[in-house]
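Participant: My structure file target_38.cif, mmCIF, C-alpha atoms, is below:
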```
data_data
loop_
_atom_site.label_atom_id
_atom_site.label_comp_id
_atom_site.auth_asym_id
_atom_site.auth_seq_id
_atom_site.Cartn_x
_atom_site.Cartn_y
_atom_site.Cartn_z
CA MET T 1 -65.78 79.81 21.23
CA GLY T 2 -62.24 79.31 22.61
CA LYS T 3 -62.36 75.54 21.92
CA LEU T 4 -63.51 76.16 18.35
CA VAL T 5 -60.58 78.53 17.74
CA ASN T 6 -58.14 75.95 19.14
CA TYR T 7 -59.58 73.19 16.92
CA LEU T 8 -59.34 75.48 13.88
CA LYS T 9 -55.67 76.21 14.68
CA ILE T 10 -54.91 72.50 15.05
CA TYR T 11 -56.63 71.45 11.83
CA SER T 12 -55.23 74.37 9.82
CA GLY T 13 -51.80 73.28 11.06
CA TYR T 14 -52.44 69.74 9.82
CA ILE T 15 -53.45 71.11 6.42
CA LYS T 16 -50.26 73.23 6.23
CA CYS T 17 -48.12 70.20 7.04
CA PHE T 18 -50.04 67.74 4.84
CA LEU T 19 -47.85 68.49 1.81
CA HIS T 20 -44.86 67.23 3.78
CA LEU T 21 -46.24 63.70 3.48
CA ILE T 22 -45.41 63.63 -0.25
CA PHE T 23 -41.73 64.22 0.54
CA TYR T 24 -41.83 61.79 3.46
CA PHE T 25 -43.18 58.93 1.33
CA ASN T 26 -40.66 59.64 -1.45
CA SER T 27 -37.63 60.14 0.82
CA SER T 28 -34.78 57.63 0.89
CA ASN T 29 -34.48 58.55 4.59
CA LYS T 30 -38.02 57.41 5.41
CA PRO T 31 -36.82 54.77 7.98
CA LEU T 32 -34.75 57.45 9.76
CA ILE T 33 -37.72 59.82 9.85
CA GLN T 34 -39.91 57.00 11.23
CA ALA T 35 -37.36 56.39 14.01
CA ASP T 36 -37.26 60.13 14.79
CA VAL T 37 -41.07 60.24 14.98
CA GLN T 38 -41.17 57.25 17.34
CA LYS T 39 -38.47 58.74 19.59
CA TRP T 40 -40.24 62.12 19.80
CA LEU T 41 -43.64 60.56 20.50
CA ASN T 42 -42.14 58.35 23.24
CA ILE T 43 -40.30 61.21 24.95
CA ARG T 44 -43.25 63.58 24.69
CA GLU T 45 -45.66 60.78 25.75
CA HIS T 46 -48.03 61.24 22.82
CA GLU T 47 -50.02 58.27 21.57
CA TYR T 48 -50.34 58.70 17.81
CA GLY T 49 -49.84 56.38 14.90
CA PRO T 50 -46.86 57.01 12.59
CA ILE T 51 -48.58 59.34 10.08
CA PRO T 52 -50.79 61.30 12.52
CA GLY T 53 -47.72 61.48 14.80
CA LEU T 54 -45.59 62.88 11.98
CA LEU T 55 -48.23 65.53 11.18
CA PHE T 56 -48.61 66.40 14.86
CA LEU T 57 -44.84 66.81 15.37
CA LEU T 58 -44.45 68.85 12.17
CA GLN T 59 -47.21 71.17 13.27
CA THR T 60 -46.13 71.50 16.90
CA TYR T 61 -42.33 71.44 17.22
CA PRO T 62 -40.03 73.64 15.09
CA GLU T 63 -37.04 71.53 16.25
CA PHE T 64 -38.65 68.43 14.80
CA ARG T 65 -39.30 70.32 11.56
CA SER T 66 -35.58 71.20 11.41
CA ILE T 67 -34.69 67.50 11.72
CA PHE T 68 -37.31 66.55 9.12
CA TYR T 69 -35.92 69.12 6.66
CA TYR T 70 -32.41 67.84 7.31
CA ARG T 71 -33.61 64.31 6.48
CA ILE T 72 -35.36 65.23 3.20
CA GLY T 73 -32.41 67.33 1.97
CA ASN T 74 -32.89 69.84 -0.85
CA LEU T 75 -36.59 69.01 -1.12
CA LYS T 76 -37.09 71.14 2.00
CA TYR T 77 -37.09 74.30 -0.10
CA PHE T 78 -40.50 73.33 -1.50
CA VAL T 79 -42.23 73.03 1.89
CA LYS T 80 -40.34 74.79 4.67
CA TRP T 81 -42.12 78.10 4.15
CA PHE T 82 -45.41 76.34 5.08
CA CYS T 83 -44.02 75.32 8.47
CA PRO T 84 -40.74 77.13 9.27
CA PRO T 85 -37.91 75.29 11.07
CA ARG T 86 -36.28 76.49 14.30
CA ARG T 87 -34.66 79.67 12.97
CA ASN T 88 -31.76 79.95 15.40
CA MET T 89 -30.67 76.32 15.14
CA VAL T 90 -28.23 74.97 12.54
CA ILE T 91 -27.75 71.31 11.59
CA GLY T 92 -24.63 70.87 9.47
CA THR T 93 -23.71 67.25 10.16
CA GLU T 94 -22.77 64.82 7.39
CA LYS T 95 -24.55 61.78 8.85
CA ILE T 96 -27.05 61.45 11.72
CA GLY T 97 -28.42 58.11 12.89
CA PRO T 98 -32.08 57.36 13.67
CA GLY T 99 -33.88 58.66 16.73
CA LEU T 100 -32.45 62.18 17.01
CA TYR T 101 -34.24 64.30 19.61
CA ILE T 102 -33.51 68.01 20.08
CA HIS T 103 -35.12 69.59 23.13
CA LEU T 104 -35.86 73.29 22.50
CA GLY T 105 -32.77 73.75 20.33
CA TYR T 106 -32.42 77.51 20.87
CA SER T 107 -29.06 78.84 19.62
CA SER T 108 -27.69 75.37 18.87
CA VAL T 109 -25.12 74.61 16.18
CA ILE T 110 -24.79 70.92 15.37
CA GLY T 111 -21.79 70.47 13.11
CA ALA T 112 -20.40 67.01 13.86
CA LYS T 113 -18.82 64.67 11.32
CA SER T 114 -21.38 62.05 12.34
CA ILE T 115 -23.88 61.38 15.13
CA GLY T 116 -25.03 57.88 16.07
CA LYS T 117 -28.50 56.65 16.89
CA ASN T 118 -30.74 57.88 19.72
CA CYS T 119 -28.88 61.11 20.43
CA LEU T 120 -30.52 63.68 22.73
CA ILE T 121 -29.43 67.33 22.39
CA TYR T 122 -30.60 70.26 24.51
CA GLN T 123 -30.54 74.02 23.83
CA GLN T 124 -27.50 76.30 23.34
CA VAL T 125 -25.24 73.41 22.37
CA THR T 126 -22.26 73.96 20.07
CA ILE T 127 -20.80 71.00 18.20
CA GLY T 128 -18.26 72.24 15.72
CA SER T 129 -15.09 72.01 13.74
CA PHE T 130 -11.67 72.95 15.04
CA ASN T 131 -9.08 71.20 12.85
CA GLY T 132 -11.79 68.64 12.11
CA ALA T 133 -15.28 67.85 13.41
CA PRO T 134 -16.28 65.50 16.26
CA THR T 135 -17.68 62.01 15.82
CA ILE T 136 -20.47 61.24 18.29
CA GLY T 137 -21.53 57.69 19.14
CA ASN T 138 -24.87 56.08 19.99
CA ASN T 139 -27.15 56.95 22.92
CA VAL T 140 -25.36 60.20 23.72
CA THR T 141 -26.98 63.00 25.75
CA ILE T 142 -25.61 66.51 25.30
CA ASN T 143 -26.99 68.89 27.92
CA SER T 144 -27.65 72.63 27.72
CA GLY T 145 -24.73 74.91 26.91
CA ALA T 146 -22.24 72.11 26.20
CA VAL T 147 -19.45 72.78 23.69
CA ILE T 148 -17.82 69.92 21.73
CA LEU T 149 -15.03 70.98 19.37
CA GLY T 150 -12.34 69.38 17.23
CA LYS T 151 -11.53 66.09 15.60
CA ILE T 152 -12.46 64.04 18.64
CA SER T 153 -14.54 60.96 19.34
CA ILE T 154 -17.43 60.81 21.81
CA GLY T 155 -18.16 57.18 22.69
CA ASN T 156 -21.44 55.33 23.14
CA ASN T 157 -23.72 55.87 26.16
CA VAL T 158 -22.05 59.16 27.09
CA SER T 159 -23.64 62.06 28.94
CA ILE T 160 -22.10 65.52 28.47
CA GLY T 161 -23.01 67.79 31.40
CA ALA T 162 -24.51 71.24 31.09
CA ASN T 163 -21.96 73.91 30.12
CA ALA T 164 -19.15 71.35 29.78
CA THR T 165 -16.44 72.06 27.20
CA VAL T 166 -15.12 68.90 25.54
CA LEU T 167 -11.89 69.07 23.52
CA ASN T 168 -10.61 65.49 23.99
CA ASP T 169 -11.89 61.99 23.24
CA VAL T 170 -14.52 60.60 25.63
CA PRO T 171 -14.68 56.79 26.12
CA ASP T 172 -17.89 54.74 26.21
CA ASN T 173 -20.15 54.81 29.28
CA THR T 174 -18.81 58.10 30.64
CA THR T 175 -20.33 61.22 32.15
CA VAL T 176 -18.51 64.49 31.53
CA TYR T 177 -18.98 67.18 34.17
CA PRO T 178 -18.19 70.86 33.64
CA SER T 179 -15.13 72.17 35.43
CA LYS T 180 -15.61 73.53 38.93
CA ALA T 181 -16.04 77.27 39.25
CA THR T 182 -12.92 79.05 40.53
CA MET T 183 -13.07 82.13 42.74
CA MET T 184 -10.43 84.82 42.44
CA LYS T 185 -9.87 87.59 44.96
CA TRP T 186 -8.74 90.97 43.78
CA LYS T 187 -6.81 93.45 45.85
CA LEU T 188 -7.93 97.02 45.53
CA SER T 189 -5.10 99.43 45.00
CA LYS T 190 -4.94 102.26 47.51
CA LYS T 191 -3.71 104.49 44.74
CA PRO T 192 -6.39 105.89 42.44
CA ALA T 193 -6.23 104.42 38.99
CA PHE T 194 -6.44 107.86 37.40
CA SER T 195 -5.14 111.09 38.81
CA ASN T 196 -5.44 114.67 37.65
#
```
Would you mind writing the file out in structure tokens?

Facilitator:
Amino acid sequence: MGKLVNYLKIYSGYIKCFLHLIFYFNSSNKPLIQADVQKWLNIREHEYGPIPGLLFLLQTYPEFRSIFYYRIGNLKYFVKWFCPPRRNMVIGTEKIGPGLYIHLGYSSVIGAKSIGKNCLIYQQVTIGSFNGAPTIGNNVTINSGAVILGKISIGNNVSIGANATVLNDVPDNTTVYPSKATMMKWKLSKKPAFSN
């Protein structure tokens, strides 16, 4: 009985996401969506063809749905209530290249001026504007908790470490580590802080 329930869930999910195919086939961003599908299937090690893979990803991963809705633009309002996107993730970037992969995506704000191809973003990442928005190159990995702010440029083949704060340009082929934790000792006053 348990297997039957699982199969029903899977196939009902496919039916819910089937309407998305209309917007996929009519989207000017179809090549970008195809590249996203291929990237996700490769990383997740799923062996599906392009269309079954698209339906599987739409049904299974809310982060992928968020990317798909970003790609199809205003048409998303017709279908996103069938399969909701990741609710606590915001994509507000002008241009994103093919092959975007967002792992988990919890509490992430992605507000770059542009992002190149094959970018990998983890959860709790903030990419935002501070006197301008960042430009992110190709093959960039942004790890959990990283913050990238301002009118800066992140080069190609860059890895931003977990919890790193980036406020300056980063050249190609660079790894950015978070700053080392600093310990501070406090002296306790012998005098009570409050007296009667």

Participant: Report as AutoDock Vina command-line options the centre and the edge lengths, in Å to one decimal, of the axis-aligned box holding every listed atom of stretch 79-90 of chain T, padded by 4 Å on each side.

Facilitator:
```
--center_x -36.8 --center_y 76.5 --center_z 8.6 --size_x 25.2 --size_y 14.9 --size_z 21.5
```

Participant: Do you have the atom CA of T:Arg87-atom CA of T:Ser107 distance handy?

Facilitator: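 Straight-line distance from atom CA of T:Arg87 to atom CA of T:Ser107 works out to 8.7 Å.
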
Participant: Which distance in Å separates atom CA of T:Gln124 and atom CA of T:Gly92, to one decimal?

Facilitator: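 Here the two named atoms are 15.2 Å from each other.
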
Participant: Which residues would end up in the selection if the PyMOL selection byres ((chain T and resi 43-59) around 12) were applied here, given that I need the answer as number ranges by chain?

Facilitator: T: 9-22, 24-25, 30-31, 33-42, 60-69, 79-80, 82-86, 99-103, 118, 120

Participant: Identify, on the basis of only C-alpha atoms, every residue whose closest approach to stretch 155-157 of chain T does not exceed 6 Å; exclude the query and any residue fewer than 3 positions from it along the same chain; express the result as a CSV table (one decimal) with C-alpha atoms, in the frame of the given file.

Facilitator:
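Output below, filename selection.csv:
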```csv
chain,number,residue,atom,x,y,z
T,137,GLY,CA,-21.5,57.7,19.1
T,138,ASN,CA,-24.9,56.1,20.0
T,139,ASN,CA,-27.2,57.0,22.9
T,140,VAL,CA,-25.4,60.2,23.7
T,170,VAL,CA,-14.5,60.6,25.6
T,171,PRO,CA,-14.7,56.8,26.1
T,172,ASP,CA,-17.9,54.7,26.2
T,173,ASN,CA,-20.2,54.8,29.3
```

Participant: Can you tell me how far atom CA of T:Thr174 sits from atom CA of T:Val147, in Å to one decimal?

Facilitator: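 Atom-to-atom, atom CA of T:Thr174 and atom CA of T:Val147 are spaced 16.3 Å apart.
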
Participant: I'd like the neighbourhood of T:Ile115 as a list in words, where a residue qualifies if any of its atoms comes within 8 Å (using only C-alpha atoms), though same-chain residues fewer than 5 positions away should be ignored.

Facilitator: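 Surrounding residues, per the criterion: Thr93, Lys95, Ile96, Gly97, Thr135, Ile136, Gly137 and Asn138 of chain T.
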
Participant: Kindly indicate which residue among T:Leu167, T:Val176, T:Leu104, T:Met89 lies nearest to T:Ile148, using all atoms listed in the file for the distances.

Facilitator: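 Result for the nearest residue to T:Ile148: T:Leu167.
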
Participant: Missing atoms in stretch 76-103 of chain T: fill them in up to N, CA and C atoms and send the result as a short mmCIF file (atom, residue, chain, number, x, y, z; two decimals), in the frame of the given file.

Facilitator:
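So the final result, stored in out-v1.cif, reads:
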```
data_model
loop_
_atom_site.label_atom_id
_atom_site.label_comp_id
_atom_site.auth_asym_id
_atom_site.auth_seq_id
_atom_site.Cartn_x
_atom_site.Cartn_y
_atom_site.Cartn_z
N LYS T 76 -36.53 70.26 0.96
CA LYS T 76 -37.09 71.14 2.00
C LYS T 76 -37.48 72.51 1.47
N TYR T 77 -36.82 72.96 0.41
CA TYR T 77 -37.09 74.30 -0.10
C TYR T 77 -38.51 74.43 -0.67
N PHE T 78 -39.14 73.29 -0.97
CA PHE T 78 -40.50 73.33 -1.50
C PHE T 78 -41.55 73.47 -0.39
N VAL T 79 -41.20 73.08 0.84
CA VAL T 79 -42.23 73.03 1.89
C VAL T 79 -41.91 73.82 3.15
N LYS T 80 -40.66 74.22 3.36
CA LYS T 80 -40.34 74.79 4.67
C LYS T 80 -40.99 76.14 4.93
N TRP T 81 -41.45 76.82 3.90
CA TRP T 81 -42.12 78.10 4.15
C TRP T 81 -43.53 77.88 4.68
N PHE T 82 -44.11 76.66 4.48
CA PHE T 82 -45.41 76.34 5.08
C PHE T 82 -45.30 76.24 6.61
N CYS T 83 -44.27 75.54 7.04
CA CYS T 83 -44.02 75.32 8.47
C CYS T 83 -42.53 75.58 8.71
N PRO T 84 -42.17 76.78 9.14
CA PRO T 84 -40.74 77.13 9.27
C PRO T 84 -40.01 76.28 10.31
N PRO T 85 -38.71 76.02 10.08
CA PRO T 85 -37.91 75.29 11.07
C PRO T 85 -37.54 76.22 12.23
N ARG T 86 -36.82 75.67 13.22
CA ARG T 86 -36.28 76.49 14.30
C ARG T 86 -35.23 77.42 13.69
N ARG T 87 -35.49 78.71 13.71
CA ARG T 87 -34.66 79.67 12.97
C ARG T 87 -33.26 79.85 13.53
N ASN T 88 -33.09 79.73 14.83
CA ASN T 88 -31.76 79.95 15.40
C ASN T 88 -31.08 78.64 15.78
N MET T 89 -31.31 77.61 14.96
CA MET T 89 -30.67 76.32 15.14
C MET T 89 -30.12 75.86 13.80
N VAL T 90 -28.88 75.38 13.79
CA VAL T 90 -28.23 74.97 12.54
C VAL T 90 -27.82 73.51 12.66
N ILE T 91 -28.21 72.71 11.67
CA ILE T 91 -27.75 71.31 11.59
C ILE T 91 -26.87 71.19 10.35
N GLY T 92 -25.58 70.99 10.57
CA GLY T 92 -24.63 70.87 9.47
C GLY T 92 -23.78 69.63 9.60
N THR T 93 -24.41 68.51 9.92
CA THR T 93 -23.71 67.25 10.16
C THR T 93 -23.85 66.35 8.94
N GLU T 94 -22.75 65.66 8.59
CA GLU T 94 -22.77 64.82 7.39
C GLU T 94 -23.74 63.65 7.52
N LYS T 95 -23.73 62.98 8.69
CA LYS T 95 -24.55 61.78 8.85
C LYS T 95 -25.09 61.73 10.28
N ILE T 96 -26.41 61.56 10.40
CA ILE T 96 -27.05 61.45 11.72
C ILE T 96 -27.89 60.18 11.74
N GLY T 97 -27.68 59.36 12.75
CA GLY T 97 -28.42 58.11 12.89
C GLY T 97 -29.86 58.32 13.27
N PRO T 98 -30.65 57.25 13.35
CA PRO T 98 -32.08 57.36 13.67
C PRO T 98 -32.31 57.76 15.12
N GLY T 99 -33.48 58.35 15.37
CA GLY T 99 -33.88 58.66 16.73
C GLY T 99 -33.25 59.90 17.32
N LEU T 100 -33.01 60.92 16.50
CA LEU T 100 -32.45 62.18 17.01
C LEU T 100 -33.56 62.99 17.67
N TYR T 101 -33.29 63.45 18.89
CA TYR T 101 -34.24 64.30 19.61
C TYR T 101 -33.52 65.57 20.05
N ILE T 102 -34.08 66.72 19.68
CA ILE T 102 -33.51 68.01 20.08
C ILE T 102 -34.53 68.72 20.94
N HIS T 103 -34.20 68.93 22.20
CA HIS T 103 -35.12 69.59 23.13
C HIS T 103 -34.89 71.10 23.08
#
```
